[in-house]
Amino acid sequence: MTQPIALVTGASSGFGLATAQRLLARGYRVIAAARRQDKLAALADQHPGQVLALPLDVSDRQAIRAALTALPGDWAAIDLLVNNAGLALGLAPAQGASLDDWQTMIDTNCLGLAAVTHAVLPGMVARNRGLIINIGSIAGDYAYPGGNVYGATKAFVHQFSLNLKADLLGTGVRVSSIEPGLAGGSEFSNVRFKGDDAKAASVYQGTQPLLPDDIAATVEWLASLPPHVNINVIEMMPTCQAPGPLAIHRQ
Ligand code: NDP
Ligand code: 8X3
């Protein structure tokens with residue numbers, strides 16, 4: 001039986017790495033995409049012949065097109081796309097935030113995700129099958145101070161997923177959005193706080209956050225469903241997290 005093929009973006013750490021590992025254990029061959037080639041090479045070394053390391057900056061749309069059109073023939077028919085690459089930069093209020101950080105988040109989380117999808121989608125539609133799983137965030141569903149552009153990029157992921165589903169009606173291509181809350185065990189907060197590892201660690205102090213394998217298990221479950229089932233949105237939080245009340249400033 002032919003092995004299914006998954007493309008996982010951001011496969012060099014965190015959710016993406018855990019997802020690649022789960023999919024490999026399930027019998028997928030995995031195209032592992034990210035910028036850090038050493039991390040991808042380590043994964044490929046652990047799974048000879050089962051991982052295609054794809055050095056890729058998803059904020060570079062020309063690079064995406066070039067990389068995906070140059071895939072070897074026996075890797076080109078992607079069954080599962082996990083659009084996971086993404087980042088938050090900073091937690092400053094909008095009035096003190098960096099416009100460069102905003103651009104990087106938009107270029108990566110919105111344009112990057114859209115461009116990878118744009119490159120993969122025609123093949124899926126031609127084959128009349130495929131599953132696209134986009135990694136959003138509760139930051140796209142609930143506002144919090146300092147979430148400004150990061151949350152907005154994840155609201156984009158949510159709505160883009162639903163709109164893709166609308167366009168794909170009548171095809172066998174499915175789309176899901178996974179929207180996790182507080183999740184540790186990845187580099188997310190180290191990146192957000194630009195290498196301030198003590199500050200990153202403090203985010204998870206006294207909590208049992210979601211872990212990368214929890215998200216990977218959710219991806220694996222979605223991929224295991226029969227072709228007539230489309231889960232549109234999954235919002236998940238650790239048990240220790242809940243939405244907060246609306247805020248009121250009093251004089
Ligand atoms: P990590 O920082 O551990 O992983 C992010 C991944 O994205 C890395 O593999 C990184 O690889 C990749 N990446 C970042 N920028 C680019 C780029 N320009 N091109 C290609 N790859 C890129 O964080 P998580 O695993 O936690 O995050 C994964 C996704 O989950 C993100 O989209 C994040 O927004 C989302 N998320 C995270 C939550 C959390 O609390 N951790 C909660 C909800 C959602 P490299 O640097 O090698 O390019
Ligand atoms: C990551 C979760 O709450 O830090 O998307 O924004 S949160």
# chains A, B, ... in the order shown; residues from 1 in each chain; ligands from 1
call {"tool": "residues_around", "arguments": {"residues": "A:Thr108", "least_positions_apart": "4", "cutoff": "8 Å", "atoms": "only C-alpha atoms", "output": "PDB file with N, CA and C atoms, in the first residue's frame"}}
result
ATOM      1  N   VAL A  58       8.658  30.499   5.072  1.00  0.00           N
ATOM      2  CA  VAL A  58       7.306  30.639   4.514  1.00  0.00           C
ATOM      3  C   VAL A  58       6.922  32.095   4.256  1.00  0.00           C
ATOM      4  N   SER A  59       7.727  33.028   4.760  1.00  0.00           N
ATOM      5  CA  SER A  59       7.409  34.428   4.464  1.00  0.00           C
ATOM      6  C   SER A  59       7.958  34.851   3.093  1.00  0.00           C
ATOM      7  N   ALA A  85       3.706  26.530  10.816  1.00  0.00           N
ATOM      8  CA  ALA A  85       4.757  27.542  11.013  1.00  0.00           C
ATOM      9  C   ALA A  85       4.125  28.862  11.430  1.00  0.00           C
ATOM     10  N   GLY A  86       4.653  29.453  12.467  1.00  0.00           N
ATOM     11  CA  GLY A  86       4.100  30.727  12.918  1.00  0.00           C
ATOM     12  C   GLY A  86       4.809  31.195  14.158  1.00  0.00           C
ATOM     13  N   LEU A  87       4.509  32.429  14.533  1.00  0.00           N
ATOM     14  CA  LEU A  87       5.183  33.001  15.698  1.00  0.00           C
ATOM     15  C   LEU A  87       4.446  34.216  16.215  1.00  0.00           C
ATOM     16  N   THR A 104       6.507  40.934  10.439  1.00  0.00           N
ATOM     17  CA  THR A 104       6.998  39.545  10.440  1.00  0.00           C
ATOM     18  C   THR A 104       5.860  38.572  10.779  1.00  0.00           C
ATOM     19  N   GLY A 112       2.320  33.628   4.704  1.00  0.00           N
ATOM     20  CA  GLY A 112       3.032  32.356   4.565  1.00  0.00           C
ATOM     21  C   GLY A 112       2.059  31.196   4.493  1.00  0.00           C
ATOM     22  N   LEU A 113       1.118  31.200   5.437  1.00  0.00           N
ATOM     23  CA  LEU A 113       0.123  30.114   5.469  1.00  0.00           C
ATOM     24  C   LEU A 113      -0.716  30.118   4.187  1.00  0.00           C
TER      25      LEU A 113
END
call {"tool": "residues_around", "arguments": {"residues": "stretch 209-216 of chain A", "least_positions_apart": "3", "cutoff": "7 Å", "atoms": "only C-alpha atoms", "output": "VMD selection string"}}
result
chain A and resid 14 to 15 18 to 19 22 182 to 186 204 219 to 220 237 to 238
call {"tool": "atom_distance", "arguments": {"atom1": "atom CA of A:Pro72", "atom2": "atom 4 (O, counted along the ligand's line) of ligand 1"}}
result
25.8 Å
call {"tool": "closest_residue", "arguments": {"among": "A:Ala33, A:Ile133, A:Met1, A:Leu89", "to": "ligand 1", "atoms": "only C-alpha atoms and all ligand atoms"}}
result
A:Ala33
call {"tool": "closest_atom_pairs", "arguments": {"of": "chain A", "to": "ligand 2", "cutoff": "7 Å", "atoms": "only C-alpha atoms and all ligand atoms", "output": "CSV"}}
result
residue,atom,partner,partner_atom_place_in_ligand_line,distance
A:Ser137,CA,ligand 2,5 (O),4.4
A:Ile138,CA,ligand 2,2 (C),6.1
A:Ala139,CA,ligand 2,6 (O),4.5
A:Gly147,CA,ligand 2,6 (O),6.5
A:Gly151,CA,ligand 2,6 (O),6.7
A:Pro180,CA,ligand 2,2 (C),6.5
A:Gly181,CA,ligand 2,2 (C),4.6
A:Leu182,CA,ligand 2,2 (C),4.9
A:Ala183,CA,ligand 2,2 (C),6.7
call {"tool": "select_by_dssp", "arguments": {"residues": "stretch 83-192 of chain A", "states": "strand (DSSP E)", "output": "PyMOL selection string"}}
result
chain A and resi 83+130-135+173-180
call {"tool": "write_last_selection", "arguments": {"atoms": "N, CA and C atoms", "output": "PDB file, in the first residue's frame"}}
result
ATOM      1  N   ASN A  83      -0.403  23.390   8.210  1.00  0.00           N
ATOM      2  CA  ASN A  83       0.118  24.757   8.197  1.00  0.00           C
ATOM      3  C   ASN A  83       0.335  25.195   9.639  1.00  0.00           C
ATOM      4  N   GLY A 130      -7.686  15.269   0.072  1.00  0.00           N
ATOM      5  CA  GLY A 130      -6.633  15.989   0.804  1.00  0.00           C
ATOM      6  C   GLY A 130      -7.227  16.595   2.060  1.00  0.00           C
ATOM      7  N   LEU A 131      -6.349  16.874   2.997  1.00  0.00           N
ATOM      8  CA  LEU A 131      -6.774  17.501   4.256  1.00  0.00           C
ATOM      9  C   LEU A 131      -5.777  18.611   4.574  1.00  0.00           C
ATOM     10  N   ILE A 132      -6.325  19.781   4.843  1.00  0.00           N
ATOM     11  CA  ILE A 132      -5.504  20.920   5.262  1.00  0.00           C
ATOM     12  C   ILE A 132      -5.847  21.227   6.715  1.00  0.00           C
ATOM     13  N   ILE A 133      -4.834  21.198   7.565  1.00  0.00           N
ATOM     14  CA  ILE A 133      -5.037  21.537   8.978  1.00  0.00           C
ATOM     15  C   ILE A 133      -4.230  22.795   9.274  1.00  0.00           C
ATOM     16  N   ASN A 134      -4.943  23.849   9.626  1.00  0.00           N
ATOM     17  CA  ASN A 134      -4.289  25.117   9.935  1.00  0.00           C
ATOM     18  C   ASN A 134      -4.194  25.282  11.451  1.00  0.00           C
ATOM     19  N   ILE A 135      -3.026  25.710  11.921  1.00  0.00           N
ATOM     20  CA  ILE A 135      -2.854  25.924  13.358  1.00  0.00           C
ATOM     21  C   ILE A 135      -3.120  27.399  13.666  1.00  0.00           C
ATOM     22  N   VAL A 173     -11.689  17.707  -0.758  1.00  0.00           N
ATOM     23  CA  VAL A 173     -10.638  18.310   0.072  1.00  0.00           C
ATOM     24  C   VAL A 173     -11.258  18.891   1.346  1.00  0.00           C
ATOM     25  N   ARG A 174     -10.673  18.543   2.481  1.00  0.00           N
ATOM     26  CA  ARG A 174     -11.201  18.966   3.784  1.00  0.00           C
ATOM     27  C   ARG A 174     -10.281  19.994   4.443  1.00  0.00           C
ATOM     28  N   VAL A 175     -10.866  20.816   5.304  1.00  0.00           N
ATOM     29  CA  VAL A 175     -10.095  21.874   5.984  1.00  0.00           C
ATOM     30  C   VAL A 175     -10.504  21.941   7.451  1.00  0.00           C
ATOM     31  N   SER A 176      -9.508  21.978   8.324  1.00  0.00           N
ATOM     32  CA  SER A 176      -9.769  22.121   9.759  1.00  0.00           C
ATOM     33  C   SER A 176      -8.855  23.179  10.345  1.00  0.00           C
ATOM     34  N   SER A 177      -9.346  23.856  11.354  1.00  0.00           N
ATOM     35  CA  SER A 177      -8.530  24.809  12.103  1.00  0.00           C
ATOM     36  C   SER A 177      -8.434  24.329  13.547  1.00  0.00           C
ATOM     37  N   ILE A 178      -7.201  24.158  14.032  1.00  0.00           N
ATOM     38  CA  ILE A 178      -6.982  23.809  15.442  1.00  0.00           C
ATOM     39  C   ILE A 178      -6.539  25.083  16.158  1.00  0.00           C
ATOM     40  N   GLU A 179      -7.227  25.420  17.244  1.00  0.00           N
ATOM     41  CA  GLU A 179      -6.971  26.696  17.915  1.00  0.00           C
ATOM     42  C   GLU A 179      -6.640  26.463  19.389  1.00  0.00           C
ATOM     43  N   PRO A 180      -5.348  26.229  19.668  1.00  0.00           N
ATOM     44  CA  PRO A 180      -4.944  25.909  21.049  1.00  0.00           C
ATOM     45  C   PRO A 180      -4.752  27.152  21.915  1.00  0.00           C
TER      46      PRO A 180
END
call {"tool": "atom_distance", "arguments": {"atom1": "atom CA of A:Asp101", "atom2": "atom CA of A:Ala66"}}
result
25.9 Å
call {"tool": "select_by_dssp", "arguments": {"residues": "stretch 31-206 of chain A", "states": "helix (DSSP H, G or I)", "output": "PyMOL selection string"}}
result
chain A and resi 37-46+61-69+73-75+94-96+99-127+138-140+148-167+188-192+197-202
call {"tool": "residues_around", "arguments": {"residues": "A:Gln95", "least_positions_apart": "6", "cutoff": "12 Å", "atoms": "only C-alpha atoms", "output": "JSON, numbers by chain"}}
result
{"A": [145, 146, 148, 149]}
call {"tool": "write_last_selection", "arguments": {"atoms": "N, CA and C atoms", "output": "mmCIF file, in the first residue's frame"}}
result
data_model
loop_
_atom_site.group_PDB
_atom_site.id
_atom_site.type_symbol
_atom_site.label_atom_id
_atom_site.label_comp_id
_atom_site.auth_asym_id
_atom_site.auth_seq_id
_atom_site.Cartn_x
_atom_site.Cartn_y
_atom_site.Cartn_z
ATOM 1 N N PRO A 145 -4.606 41.670 26.408
ATOM 2 C CA PRO A 145 -3.666 42.801 26.277
ATOM 3 C C PRO A 145 -2.343 42.338 25.680
ATOM 4 N N GLY A 146 -1.884 43.029 24.664
ATOM 5 C CA GLY A 146 -0.618 42.697 24.019
ATOM 6 C C GLY A 146 -0.766 41.667 22.908
ATOM 7 N N ASN A 148 -2.528 42.070 20.287
ATOM 8 C CA ASN A 148 -2.898 42.869 19.094
ATOM 9 C C ASN A 148 -2.720 42.184 17.727
ATOM 10 N N VAL A 149 -1.570 42.276 17.105
ATOM 11 C CA VAL A 149 -1.433 41.735 15.741
ATOM 12 C C VAL A 149 -1.317 40.211 15.744
#
call {"tool": "closest_residue", "arguments": {"among": "A:Ala119, A:Leu111, A:Cys240, A:Val191", "to": "ligand 1", "atoms": "only C-alpha atoms and all ligand atoms"}}
result
A:Val191
call {"tool": "closest_residue", "arguments": {"among": "A:Leu71, A:Val203, A:Val30, A:Ala217", "to": "ligand 1", "atoms": "only C-alpha atoms and all ligand atoms"}}
result
A:Val203
